[in-house]
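The structure file coords.cif is reproduced below (mmCIF, C-alpha atoms).
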data_coords
#
loop_
_atom_site.label_atom_id
_atom_site.label_comp_id
_atom_site.auth_asym_id
_atom_site.auth_seq_id
_atom_site.Cartn_x
_atom_site.Cartn_y
_atom_site.Cartn_z
CA MET D 1 -22.67 11.35 -32.84
CA SER D 2 -26.11 11.86 -31.31
CA THR D 3 -28.30 14.84 -30.53
CA MET D 4 -29.93 15.58 -27.19
CA ASN D 5 -33.32 17.21 -27.56
CA ALA D 6 -35.07 19.72 -25.33
CA GLN D 7 -37.96 18.25 -23.33
CA LEU D 8 -39.43 21.68 -22.67
CA PRO D 9 -40.00 24.86 -24.62
CA GLY D 10 -38.59 28.11 -23.24
CA VAL D 11 -35.38 30.10 -23.22
CA PHE D 12 -32.08 28.24 -23.31
CA TYR D 13 -29.11 29.12 -21.10
CA ARG D 14 -25.69 27.52 -20.90
CA ARG D 15 -24.64 29.14 -17.63
CA PRO D 16 -26.10 29.41 -14.12
CA SER D 17 -26.09 33.23 -14.25
CA PRO D 18 -24.91 35.85 -16.78
CA GLU D 19 -21.55 36.45 -15.02
CA GLN D 20 -20.67 32.81 -14.54
CA ALA D 21 -18.90 30.35 -16.80
CA PRO D 22 -20.94 27.84 -18.83
CA PHE D 23 -21.81 24.54 -17.17
CA ILE D 24 -19.72 22.82 -19.81
CA GLU D 25 -17.74 23.89 -22.89
CA GLU D 26 -17.68 22.24 -26.29
CA GLY D 27 -15.07 19.51 -26.12
CA GLY D 28 -15.90 18.72 -22.49
CA THR D 29 -16.90 15.26 -21.27
CA VAL D 30 -20.36 14.55 -19.83
CA GLU D 31 -21.78 11.70 -17.80
CA PRO D 32 -25.47 10.80 -17.49
CA GLY D 33 -27.15 13.09 -14.96
CA GLN D 34 -24.64 15.91 -15.43
CA LEU D 35 -26.07 19.42 -15.66
CA VAL D 36 -25.40 20.94 -19.09
CA ALA D 37 -27.90 23.78 -19.48
CA LEU D 38 -31.06 25.46 -18.19
CA ILE D 39 -34.42 26.08 -19.87
CA GLU D 40 -36.48 28.91 -18.45
CA VAL D 41 -40.25 28.56 -18.72
CA MET D 42 -43.16 29.49 -16.42
CA LYS D 43 -40.83 31.56 -14.21
CA THR D 44 -38.63 28.60 -13.33
CA PHE D 45 -35.19 27.57 -14.53
CA ASN D 46 -35.32 23.87 -15.30
CA GLU D 47 -32.14 21.83 -15.32
CA VAL D 48 -31.17 20.05 -18.53
CA LYS D 49 -29.14 16.98 -17.65
CA ALA D 50 -27.17 14.69 -19.93
CA ASP D 51 -28.86 11.34 -20.54
CA ARG D 52 -25.75 9.75 -22.06
CA SER D 53 -21.98 9.92 -21.70
CA GLY D 54 -19.56 11.30 -24.28
CA ILE D 55 -17.86 14.43 -25.50
CA ILE D 56 -19.85 17.58 -26.23
CA SER D 57 -19.05 18.27 -29.87
CA LYS D 58 -21.37 21.17 -30.49
CA PHE D 59 -24.08 23.27 -28.87
CA LEU D 60 -26.87 23.89 -31.37
CA LEU D 61 -28.25 26.86 -29.41
CA GLY D 62 -26.67 29.93 -27.85
CA ASP D 63 -27.29 31.58 -24.51
CA GLY D 64 -30.72 33.22 -24.46
CA ASP D 65 -32.04 31.50 -27.60
CA GLU D 66 -35.66 30.41 -27.70
CA VAL D 67 -36.09 26.64 -27.79
CA GLU D 68 -39.04 24.43 -28.68
CA ALA D 69 -39.90 21.07 -27.10
CA GLY D 70 -38.17 18.36 -29.13
CA GLN D 71 -35.61 20.71 -30.68
CA GLY D 72 -31.97 19.55 -30.76
CA ILE D 73 -29.83 21.40 -28.24
CA VAL D 74 -26.46 19.67 -28.14
CA GLU D 75 -24.51 17.10 -30.15
CA VAL D 76 -22.68 14.45 -28.16
CA ASP D 77 -19.88 12.27 -29.50
CA GLU D 78 -20.56 9.03 -27.67
CA ALA D 79 -17.39 7.15 -26.89
CA MET F 1 -56.72 4.39 2.37
CA ASN F 2 -55.89 3.99 -1.30
CA GLU F 3 -53.27 6.24 -2.78
CA VAL F 4 -51.33 6.89 -5.93
CA LEU F 5 -47.60 7.34 -5.38
CA VAL F 6 -45.81 10.16 -7.16
CA ARG F 7 -42.42 8.96 -8.41
CA SER F 8 -41.86 12.18 -10.32
CA GLY F 9 -44.03 15.25 -10.44
CA GLY F 10 -43.14 16.18 -14.00
CA LEU F 11 -42.68 19.88 -14.67
CA TYR F 12 -45.87 21.25 -13.13
CA THR F 13 -48.64 18.79 -12.34
CA THR F 14 -51.61 19.93 -10.25
CA VAL F 15 -54.93 18.55 -9.06
CA GLN F 16 -57.77 20.31 -10.90
CA ASP F 17 -61.52 19.92 -11.22
CA ALA F 18 -64.13 22.18 -12.82
CA GLY F 19 -62.93 25.09 -10.68
CA ARG F 20 -63.89 27.20 -7.71
CA ASP F 21 -66.73 29.19 -9.22
CA GLY F 22 -68.69 31.80 -7.32
CA HIS F 23 -65.95 33.66 -5.43
CA TYR F 24 -64.70 36.02 -8.12
CA ALA F 25 -66.14 39.02 -6.26
CA ILE F 26 -63.74 38.50 -3.36
CA GLY F 27 -60.80 38.27 -5.75
CA MET F 28 -60.68 34.47 -5.95
CA PRO F 29 -60.08 33.21 -9.49
CA PRO F 30 -61.73 29.87 -10.32
CA SER F 31 -58.60 27.82 -11.13
CA GLY F 32 -59.75 24.44 -12.49
CA ALA F 33 -58.70 22.47 -15.56
CA MET F 34 -57.45 24.81 -18.29
CA ASP F 35 -58.47 22.48 -21.15
CA ARG F 36 -61.98 21.63 -19.99
CA TYR F 37 -62.63 19.45 -23.04
CA SER F 38 -59.71 17.05 -22.48
CA PHE F 39 -60.32 17.06 -18.72
CA THR F 40 -63.97 16.05 -19.20
CA ILE F 41 -63.08 13.25 -21.61
CA ALA F 42 -60.40 11.89 -19.26
CA ASN F 43 -63.04 11.57 -16.54
CA LEU F 44 -65.50 9.91 -18.93
CA LEU F 45 -62.88 7.30 -19.82
CA ALA F 46 -62.06 6.70 -16.15
CA GLY F 47 -65.75 6.28 -15.36
CA ASN F 48 -65.94 9.28 -13.04
CA PRO F 49 -69.26 11.07 -12.81
CA GLY F 50 -69.12 14.79 -13.52
CA PRO F 51 -66.04 16.97 -13.16
CA THR F 52 -64.09 14.79 -10.73
CA ALA F 53 -60.64 15.97 -9.61
CA ALA F 54 -57.91 14.82 -12.03
CA LEU F 55 -54.32 15.75 -12.79
CA GLU F 56 -53.25 18.47 -15.19
CA ALA F 57 -49.61 18.20 -16.28
CA THR F 58 -47.60 20.79 -18.19
CA TYR F 59 -45.18 19.79 -21.01
CA LEU F 60 -43.61 16.95 -19.00
CA GLY F 61 -45.98 14.45 -17.44
CA PRO F 62 -45.54 12.87 -14.00
CA GLU F 63 -44.60 9.30 -13.12
CA LEU F 64 -47.28 7.63 -11.01
CA GLU F 65 -47.29 4.27 -9.24
CA PHE F 66 -50.61 2.64 -8.41
CA THR F 67 -51.31 0.76 -5.18
CA ASP F 68 -54.59 -0.85 -6.21
CA SER F 69 -56.63 -1.66 -9.31
CA ARG F 70 -57.84 1.42 -11.15
CA THR F 71 -58.92 2.58 -14.56
CA VAL F 72 -56.88 5.52 -15.83
CA ALA F 73 -57.02 7.65 -18.96
CA VAL F 74 -54.62 10.17 -20.46
CA THR F 75 -55.99 12.90 -22.73
CA GLY F 76 -54.98 16.40 -23.82
CA ALA F 77 -51.54 17.16 -25.26
CA ASP F 78 -50.18 14.55 -27.65
CA CYS F 79 -47.40 12.67 -25.85
CA SER F 80 -46.08 9.16 -25.52
CA VAL F 81 -47.53 7.27 -22.56
CA THR F 82 -46.26 4.09 -20.93
CA VAL F 83 -47.73 1.66 -18.40
CA SER F 84 -44.94 -0.21 -16.61
CA GLY F 85 -42.61 0.51 -19.51
CA ALA F 86 -44.92 -0.64 -22.33
CA SER F 87 -46.34 1.90 -24.73
CA ALA F 88 -50.00 2.70 -24.02
CA PRO F 89 -52.52 4.71 -26.05
CA MET F 90 -53.94 8.05 -25.07
CA TRP F 91 -57.71 8.69 -25.16
CA MET F 92 -58.41 5.13 -23.94
CA SER F 93 -59.58 3.47 -20.71
CA LEU F 94 -56.51 1.68 -19.35
CA ARG F 95 -56.65 -0.85 -16.53
CA VAL F 96 -53.78 -0.77 -14.04
CA GLY F 97 -53.01 -2.80 -10.95
CA PRO F 98 -50.89 -2.49 -7.80
CA GLY F 99 -47.27 -1.70 -8.73
CA ASP F 100 -48.09 -0.51 -12.24
CA VAL F 101 -46.37 2.73 -13.20
CA LEU F 102 -47.84 5.32 -15.54
CA GLY F 103 -45.08 7.27 -17.28
CA PHE F 104 -44.70 9.92 -19.94
CA GLY F 105 -42.28 10.35 -22.81
CA PRO F 106 -41.60 13.50 -24.80
CA LEU F 107 -44.38 15.83 -25.85
CA LYS F 108 -45.27 15.74 -29.56
CA ALA F 109 -47.91 18.48 -29.73
CA GLY F 110 -50.03 20.52 -27.34
CA ALA F 111 -48.94 21.54 -23.87
CA ARG F 112 -51.06 19.92 -21.16
CA PRO F 113 -51.75 16.20 -20.70
CA TYR F 114 -54.60 15.22 -18.33
CA VAL F 115 -54.69 12.08 -16.20
CA ALA F 116 -57.98 10.92 -14.72
CA ILE F 117 -58.08 7.98 -12.30
CA SER F 118 -61.26 6.07 -11.48
CA GLY F 119 -62.56 7.25 -8.10
CA GLY F 120 -60.89 10.64 -8.58
CA LEU F 121 -58.26 12.35 -6.47
CA ASP F 122 -59.65 12.56 -2.96
CA VAL F 123 -57.89 15.71 -1.71
CA PRO F 124 -59.84 17.97 0.68
CA GLU F 125 -62.23 20.47 -0.83
CA TYR F 126 -61.62 24.17 -0.31
CA LEU F 127 -64.59 26.45 -1.08
CA ASN F 128 -66.35 23.52 -2.77
CA SER F 129 -63.51 22.69 -5.14
CA ARG F 130 -60.43 20.46 -5.19
CA SER F 131 -58.67 22.68 -7.73
CA THR F 132 -55.16 23.84 -6.89
CA TYR F 133 -54.60 27.61 -6.74
CA LYS F 134 -50.85 27.68 -6.27
CA LEU F 135 -50.39 31.45 -5.95
CA THR F 136 -52.06 31.40 -2.54
CA GLY F 137 -51.35 27.74 -1.81
CA ILE F 138 -54.94 26.57 -1.47
CA GLY F 139 -56.86 23.57 -2.77
CA GLY F 140 -55.49 20.53 -4.54
CA PHE F 141 -52.65 18.57 -2.94
CA GLY F 142 -51.26 20.93 -0.29
CA GLY F 143 -51.96 23.90 -2.56
CA ARG F 144 -48.96 23.06 -4.74
CA ALA F 145 -47.70 21.06 -7.71
CA LEU F 146 -47.00 17.36 -7.16
CA ALA F 147 -43.47 16.34 -6.19
CA GLU F 148 -41.56 13.10 -5.87
CA GLY F 149 -42.64 11.12 -2.82
CA ASP F 150 -46.18 12.53 -2.59
CA ARG F 151 -48.95 10.05 -1.82
CA VAL F 152 -52.20 11.37 -3.25
CA PRO F 153 -55.40 9.84 -1.81
CA LEU F 154 -57.89 8.33 -4.25
CA GLY F 155 -61.65 8.15 -3.93
CA GLN F 156 -63.75 5.02 -3.96
CA ALA F 157 -63.40 3.35 -7.32
CA GLN F 158 -66.40 4.02 -9.54
CA ASP F 159 -67.89 2.04 -12.35
CA PRO F 160 -65.48 2.57 -15.25
CA PRO F 161 -66.25 1.75 -18.88
CA ALA F 162 -64.81 -1.43 -20.36
CA GLU F 163 -61.03 -1.60 -20.63
CA GLY F 164 -59.98 -0.39 -24.06
CA THR F 165 -62.91 2.01 -24.50
CA THR F 166 -61.57 4.56 -26.96
CA VAL F 167 -62.51 8.04 -28.08
CA PRO F 168 -63.34 8.03 -31.82
CA GLU F 169 -60.90 10.06 -33.91
CA GLU F 170 -63.45 12.73 -34.83
CA PHE F 171 -63.52 13.78 -31.15
CA LEU F 172 -59.76 14.24 -30.82
CA PRO F 173 -58.47 17.81 -30.65
CA GLU F 174 -56.18 19.20 -33.33
CA PHE F 175 -52.96 21.04 -32.65
CA PRO F 176 -52.51 23.47 -35.56
CA ASP F 177 -49.31 25.52 -35.99
CA VAL F 178 -51.31 28.72 -35.61
CA VAL F 179 -54.19 28.47 -33.14
CA GLU F 180 -57.26 30.55 -34.01
CA LEU F 181 -59.00 32.10 -31.01
CA ARG F 182 -62.40 33.76 -31.11
CA LEU F 183 -62.38 37.09 -29.29
CA VAL F 184 -65.26 39.22 -28.07
CA VAL F 185 -63.89 42.76 -28.53
CA GLY F 186 -64.22 45.02 -25.45
CA LEU F 187 -64.53 46.01 -22.58
CA CYS F 188 -61.95 48.77 -23.06
CA SER F 189 -61.26 48.46 -26.78
CA TYR F 190 -62.24 52.16 -27.07
CA ARG F 191 -58.71 52.85 -25.81
CA LEU F 192 -57.23 51.45 -29.06
CA THR F 193 -56.88 53.46 -32.24
CA GLU F 194 -58.90 52.05 -35.12
CA ASN F 195 -55.73 50.88 -36.84
CA ALA F 196 -54.49 49.33 -33.62
CA LEU F 197 -57.51 47.02 -33.32
CA ASP F 198 -57.12 45.95 -36.97
CA SER F 199 -53.42 45.40 -36.44
CA PHE F 200 -54.08 43.40 -33.27
CA LEU F 201 -56.47 41.12 -35.17
CA ASP F 202 -54.12 40.84 -38.18
CA THR F 203 -51.06 39.88 -36.14
CA THR F 204 -49.91 36.32 -35.58
CA TRP F 205 -48.74 36.38 -31.97
CA LYS F 206 -46.05 34.16 -30.50
CA VAL F 207 -46.42 32.71 -27.00
CA THR F 208 -43.43 33.71 -24.86
CA LYS F 209 -41.79 31.77 -22.02
CA ASP F 210 -44.11 33.60 -19.62
CA ALA F 211 -47.15 31.42 -20.23
CA ASP F 212 -48.74 29.54 -17.36
CA ARG F 213 -52.06 28.99 -15.61
CA ILE F 214 -52.15 32.66 -14.61
CA GLY F 215 -51.74 34.11 -18.08
CA TYR F 216 -50.01 33.96 -21.43
CA ARG F 217 -47.72 36.79 -22.51
CA LEU F 218 -47.55 37.18 -26.29
CA ARG F 219 -45.17 38.96 -28.66
CA GLY F 220 -45.41 39.98 -32.31
CA GLY F 221 -46.48 43.57 -32.73
CA THR F 222 -47.04 46.96 -31.18
CA ILE F 223 -50.44 48.40 -30.37
CA ASP F 224 -51.23 52.14 -30.23
CA PHE F 225 -53.64 53.65 -27.76
CA VAL F 226 -55.76 56.75 -28.32
CA GLU F 227 -54.17 59.92 -26.87
CA ARG F 228 -56.00 61.07 -23.79
CA GLU F 229 -55.69 63.07 -20.63
CA GLN F 230 -54.94 60.70 -17.75
CA PRO F 231 -58.21 60.29 -15.85
CA PHE F 232 -58.36 60.50 -12.07
CA GLY F 233 -57.78 57.04 -10.66
CA ALA F 234 -55.98 55.63 -13.71
CA GLY F 235 -52.26 54.98 -14.02
CA SER F 236 -49.98 56.88 -16.41
CA ASP F 237 -49.41 54.07 -18.93
CA PRO F 238 -51.59 54.63 -22.03
CA ALA F 239 -52.90 51.10 -21.39
CA ASN F 240 -54.15 52.11 -17.93
CA VAL F 241 -57.80 52.75 -17.14
CA VAL F 242 -59.64 53.17 -13.87
CA ASP F 243 -59.73 49.73 -12.23
CA LEU F 244 -62.25 47.21 -13.49
CA GLY F 245 -63.00 43.51 -13.08
CA TYR F 246 -61.07 41.39 -15.58
CA PRO F 247 -63.10 38.78 -17.45
CA ILE F 248 -61.42 35.34 -17.50
CA GLY F 249 -59.80 35.05 -20.92
CA SER F 250 -59.51 38.81 -21.28
CA VAL F 251 -56.56 40.32 -23.14
CA GLN F 252 -54.68 43.36 -21.88
CA ILE F 253 -51.66 45.06 -23.46
CA PRO F 254 -49.48 46.72 -20.81
CA GLY F 255 -47.10 49.15 -22.51
CA GLY F 256 -48.72 48.43 -25.87
CA ASN F 257 -46.35 45.70 -26.99
CA GLU F 258 -46.93 42.43 -25.15
CA PRO F 259 -50.57 41.32 -24.91
CA ILE F 260 -51.43 39.06 -21.96
CA ILE F 261 -54.33 36.59 -22.00
CA LEU F 262 -55.56 36.18 -18.42
CA LEU F 263 -56.48 32.60 -17.53
CA ASN F 264 -57.83 30.40 -14.74
CA ASP F 265 -55.45 31.51 -11.96
CA ALA F 266 -55.28 35.21 -12.93
CA VAL F 267 -55.83 38.33 -10.89
CA THR F 268 -59.55 39.20 -10.97
CA GLY F 269 -59.30 42.93 -11.57
CA GLY F 270 -56.97 45.85 -12.07
CA GLY F 271 -56.17 48.96 -14.05
CA TYR F 272 -55.23 47.73 -17.53
CA ALA F 273 -57.55 48.17 -20.50
CA THR F 274 -58.92 44.78 -21.59
CA VAL F 275 -59.27 44.96 -25.36
CA GLY F 276 -61.16 41.70 -25.75
CA THR F 277 -61.98 38.33 -24.20
CA VAL F 278 -61.19 34.89 -25.62
CA VAL F 279 -64.46 32.91 -25.69
CA SER F 280 -64.63 30.17 -23.06
CA ALA F 281 -64.81 27.32 -25.60
CA ASP F 282 -61.49 28.43 -27.11
CA ARG F 283 -59.62 28.63 -23.81
CA ASP F 284 -59.18 24.86 -24.18
CA ARG F 285 -57.04 25.66 -27.20
CA VAL F 286 -55.05 28.29 -25.32
CA ALA F 287 -54.30 25.62 -22.71
CA GLN F 288 -52.85 23.37 -25.41
CA THR F 289 -50.72 26.10 -26.97
CA GLY F 290 -47.32 26.18 -25.32
CA THR F 291 -44.39 28.55 -25.24
CA GLY F 292 -43.16 29.04 -28.82
CA GLY F 293 -46.63 28.41 -30.27
CA TYR F 294 -48.63 30.94 -32.31
CA VAL F 295 -52.13 32.36 -31.89
CA ARG F 296 -54.39 34.68 -33.87
CA PHE F 297 -57.52 36.46 -32.68
CA ASN F 298 -60.77 36.54 -34.68
CA ALA F 299 -63.40 39.05 -33.61
CA THR F 300 -66.79 37.57 -32.73
CA ASP F 301 -69.84 38.61 -30.72
CA VAL F 302 -71.32 37.42 -27.43
CA ASP F 303 -74.08 35.38 -29.13
CA SER F 304 -71.48 33.42 -31.10
CA ALA F 305 -69.45 32.95 -27.93
CA VAL F 306 -72.44 31.47 -26.11
CA GLN F 307 -73.21 29.32 -29.16
CA ALA F 308 -69.61 28.06 -29.23
CA ARG F 309 -69.92 27.00 -25.61
CA GLN F 310 -73.23 25.23 -26.28
CA ASP F 311 -71.76 23.51 -29.34
CA ARG F 312 -68.85 22.19 -27.31
CA ASP F 313 -71.19 20.94 -24.56
CA ALA F 314 -73.41 19.24 -27.15
CA TRP F 315 -70.35 17.64 -28.75
CA LEU F 316 -69.22 16.31 -25.35
CA HIS F 317 -72.72 15.04 -24.69
CA LYS F 318 -72.60 13.16 -27.99
CA LEU F 319 -69.28 11.61 -27.02
CA ARG F 320 -70.69 10.60 -23.64
CA THR F 321 -73.43 8.71 -25.47
CA VAL F 322 -70.90 7.04 -27.76
CA LEU F 323 -68.72 5.92 -24.83
CA THR F 324 -71.40 4.82 -22.40
CA GLY F 325 -73.93 3.51 -24.93
#

If you took the structure in this file and wrote it as structure tokens, what would it be?
Amino acid sequence: MSTMNAQLPGVFYRRPSPEQAPFIEEGGTVEPGQLVALIEVMKTFNEVKADRSGIISKFLLGDGDEVEAGQGIVEVDEA
Amino acid sequence: MNEVLVRSGGLYTTVQDAGRDGHYAIGMPPSGAMDRYSFTIANLLAGNPGPTAALEATYLGPELEFTDSRTVAVTGADCSVTVSGASAPMWMSLRVGPGDVLGFGPLKAGARPYVAISGGLDVPEYLNSRSTYKLTGIGGFGGRALAEGDRVPLGQAQDPPAEGTTVPEEFLPEFPDVVELRLVVGLCSYRLTENALDSFLDTTWKVTKDADRIGYRLRGGTIDFVEREQPFGAGSDPANVVDLGYPIGSVQIPGGNEPIILLNDAVTGGGYATVGTVVSADRDRVAQTGTGGYVRFNATDVDSAVQARQDRDAWLHKLRTVLTG
């Protein structure tokens, strides 16, 4: 189990827009480079991409939560 | 022509110098490095005379590949720095050669790293400045933030200090959890109730996601304005007044609940009451306070503000003597 940390402060989103499904659900599999979330800061939505492969075991933040740089955002069960 | 290659622009990295002063009357904000202290020191370490154009990054630094031998220095926000993969110190003159890559790891504290390169960034001047003003797309590198694939021209290499020249610890900025900002109260503080001004000064304000080179929007309290009859020429919001010029660093509170500190790229005037102005010496600290950070305002007067600026200049002068002998 490892934690991916936010590189930016801002507001955390798990989906591309309010009406759409999350990029990935807990239990889903990610590969490096895969889009998992967005962080909004300075009027731009910045993509948060996985830097490892594994299974998403838990999101540590919900849609619309404030996030600080360095804060854990998702736990990944690395295979 | 010598260039530095941009492998990654980071989040928002722009060319900045001391700013485009002297055009405020036509609505042109100065732009320029937000943290003047760190910017100045970066240039000292790179051996550049005066306020030579350097790079200001935001949160995430760029990745830069050099094509010739240069001296570079990284100052400002506390972050991990690498040269061709090996960890390198901040606040130090670093020697790089063709093919070397300057990279950044995660931010530890602060918000804006500065990168100065010996010879400076030789982008064209616009109104006597190389500073980027992105809102109108002027100055800097194409009037925009750096992006992957850019090749930024460098000036003639200067006479840098010895490799490894380091800024003594006493000159390094601190990044406290709550950043104290000195504020000259006015120009329109008469619009606030007496309690509102006290409450404004007693509140610890949190920096929201809307915090950039234009301004910082804060949250943490509600401010009441004095009841009045709407004057001719002023808007209907209690925070509205008849238009005035906005001082750089001035604080306005549209709607009474989210103060905005106007900064280097801000609009130069408008119809919101400015309740105070952050003194110029403390705008360096604003620049290093990111989204999620906290600030407090301490009332001061103009004489103290001028003194604070002189103190900072004297302190930088002392450092210049330490570094150049």

Report the residues retrieved by the PyMOL selection byres ((chain F) within 8 of (chain D)) from the displayed file, expressed as a PDB file with C-alpha atoms, in the coordinates of the input.
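What ended up in expr_21.pdb:
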ATOM      1  CA  TYR F  59     -45.180  19.790 -21.010  1.00  0.00           C
ATOM      2  CA  LEU F  60     -43.610  16.950 -19.000  1.00  0.00           C
ATOM      3  CA  PRO F 106     -41.600  13.500 -24.800  1.00  0.00           C
ATOM      4  CA  LEU F 107     -44.380  15.830 -25.850  1.00  0.00           C
ATOM      5  CA  LYS F 108     -45.270  15.740 -29.560  1.00  0.00           C
ATOM      6  CA  THR F 208     -43.430  33.710 -24.860  1.00  0.00           C
ATOM      7  CA  LYS F 209     -41.790  31.770 -22.020  1.00  0.00           C
ATOM      8  CA  ASP F 210     -44.110  33.600 -19.620  1.00  0.00           C
ATOM      9  CA  ALA F 211     -47.150  31.420 -20.230  1.00  0.00           C
ATOM     10  CA  ASP F 212     -48.740  29.540 -17.360  1.00  0.00           C
ATOM     11  CA  GLY F 290     -47.320  26.180 -25.320  1.00  0.00           C
ATOM     12  CA  THR F 291     -44.390  28.550 -25.240  1.00  0.00           C
ATOM     13  CA  GLY F 292     -43.160  29.040 -28.820  1.00  0.00           C
TER      14      GLY F 292
END

Result set of the PyMOL selection byres ((chain D and resi 54-59) around 12) on the coordinates above, as an mmCIF file with C-alpha atoms, keeping the file's coordinate frame:
data_model
loop_
_atom_site.group_PDB
_atom_site.id
_atom_site.type_symbol
_atom_site.label_atom_id
_atom_site.label_comp_id
_atom_site.auth_asym_id
_atom_site.auth_seq_id
_atom_site.Cartn_x
_atom_site.Cartn_y
_atom_site.Cartn_z
ATOM 1 C CA MET D 1 -22.670 11.350 -32.840
ATOM 2 C CA SER D 2 -26.110 11.860 -31.310
ATOM 3 C CA THR D 3 -28.300 14.840 -30.530
ATOM 4 C CA MET D 4 -29.930 15.580 -27.190
ATOM 5 C CA ASN D 5 -33.320 17.210 -27.560
ATOM 6 C CA PHE D 12 -32.080 28.240 -23.310
ATOM 7 C CA TYR D 13 -29.110 29.120 -21.100
ATOM 8 C CA ARG D 14 -25.690 27.520 -20.900
ATOM 9 C CA PRO D 22 -20.940 27.840 -18.830
ATOM 10 C CA PHE D 23 -21.810 24.540 -17.170
ATOM 11 C CA ILE D 24 -19.720 22.820 -19.810
ATOM 12 C CA GLU D 25 -17.740 23.890 -22.890
ATOM 13 C CA GLU D 26 -17.680 22.240 -26.290
ATOM 14 C CA GLY D 27 -15.070 19.510 -26.120
ATOM 15 C CA GLY D 28 -15.900 18.720 -22.490
ATOM 16 C CA THR D 29 -16.900 15.260 -21.270
ATOM 17 C CA VAL D 30 -20.360 14.550 -19.830
ATOM 18 C CA GLU D 31 -21.780 11.700 -17.800
ATOM 19 C CA PRO D 32 -25.470 10.800 -17.490
ATOM 20 C CA GLN D 34 -24.640 15.910 -15.430
ATOM 21 C CA VAL D 36 -25.400 20.940 -19.090
ATOM 22 C CA ALA D 37 -27.900 23.780 -19.480
ATOM 23 C CA ALA D 50 -27.170 14.690 -19.930
ATOM 24 C CA ASP D 51 -28.860 11.340 -20.540
ATOM 25 C CA ARG D 52 -25.750 9.750 -22.060
ATOM 26 C CA SER D 53 -21.980 9.920 -21.700
ATOM 27 C CA LEU D 60 -26.870 23.890 -31.370
ATOM 28 C CA LEU D 61 -28.250 26.860 -29.410
ATOM 29 C CA GLY D 62 -26.670 29.930 -27.850
ATOM 30 C CA ASP D 63 -27.290 31.580 -24.510
ATOM 31 C CA ASP D 65 -32.040 31.500 -27.600
ATOM 32 C CA GLN D 71 -35.610 20.710 -30.680
ATOM 33 C CA GLY D 72 -31.970 19.550 -30.760
ATOM 34 C CA ILE D 73 -29.830 21.400 -28.240
ATOM 35 C CA VAL D 74 -26.460 19.670 -28.140
ATOM 36 C CA GLU D 75 -24.510 17.100 -30.150
ATOM 37 C CA VAL D 76 -22.680 14.450 -28.160
ATOM 38 C CA ASP D 77 -19.880 12.270 -29.500
ATOM 39 C CA GLU D 78 -20.560 9.030 -27.670
ATOM 40 C CA ALA D 79 -17.390 7.150 -26.890
#

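Note that atom CA of Ala42 of chain F and atom CA of Leu5 of chain F are 19.4 Å apart.
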
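Closest approach to Leu146 of chain F from the set F:Glu56, F:Asp202, F:Asp177, F:Asp311 is made by F:Glu56, with distances taken over all atoms listed in the file.
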
Shell of 10 Å around Tyr24 of chain F, all atoms listed in the file, local chain residues under 5 positions omitted, as a list in words: Pro29, Pro30, Gly245, Tyr246, Pro247, Ile248, Val267, Thr268 and Gly269 of chain F

Given the PyMOL selection byres ((chain F and resi 96-98) around 7) and the file above, list the residues it selects as a ChimeraX atom specification. /F:66-71,94-95,99-100

Please report the interatomic distance between atom CA of Ser250 of chain F and atom CA of Gly293 of chain F in Å with one decimal. 18.8 Å

Could you add N, CA and C atoms to segment 57-66 of chain D and give me the result as a JSON list (two decimals), keeping the file's coordinate frame?
[["chain", "number", "residue", "atom", "x", "y", "z"],
["D", 57, "SER", "N", -19.72, 17.78, -28.65],
["D", 57, "SER", "CA", -19.05, 18.27, -29.87],
["D", 57, "SER", "C", -19.57, 19.63, -30.30],
["D", 58, "LYS", "N", -20.84, 19.87, -30.04],
["D", 58, "LYS", "CA", -21.37, 21.17, -30.49],
["D", 58, "LYS", "C", -22.67, 21.52, -29.79],
["D", 59, "PHE", "N", -22.79, 22.75, -29.33],
["D", 59, "PHE", "CA", -24.08, 23.27, -28.87],
["D", 59, "PHE", "C", -24.84, 23.83, -30.07],
["D", 60, "LEU", "N", -26.08, 23.45, -30.23],
["D", 60, "LEU", "CA", -26.87, 23.89, -31.37],
["D", 60, "LEU", "C", -27.63, 25.18, -31.08],
["D", 61, "LEU", "N", -27.56, 25.64, -29.82],
["D", 61, "LEU", "CA", -28.25, 26.86, -29.41],
["D", 61, "LEU", "C", -27.29, 27.71, -28.60],
["D", 62, "GLY", "N", -27.48, 29.02, -28.64],
["D", 62, "GLY", "CA", -26.67, 29.93, -27.85],
["D", 62, "GLY", "C", -27.43, 30.40, -26.63],
["D", 63, "ASP", "N", -26.70, 31.03, -25.73],
["D", 63, "ASP", "CA", -27.29, 31.58, -24.51],
["D", 63, "ASP", "C", -28.44, 32.53, -24.84],
["D", 64, "GLY", "N", -29.60, 32.31, -24.27],
["D", 64, "GLY", "CA", -30.72, 33.22, -24.46],
["D", 64, "GLY", "C", -31.58, 32.91, -25.68],
["D", 65, "ASP", "N", -31.23, 31.87, -26.43],
["D", 65, "ASP", "CA", -32.04, 31.50, -27.60],
["D", 65, "ASP", "C", -33.36, 30.87, -27.17],
["D", 66, "GLU", "N", -34.39, 31.10, -27.95],
["D", 66, "GLU", "CA", -35.66, 30.41, -27.70],
["D", 66, "GLU", "C", -35.53, 28.96, -28.17]]
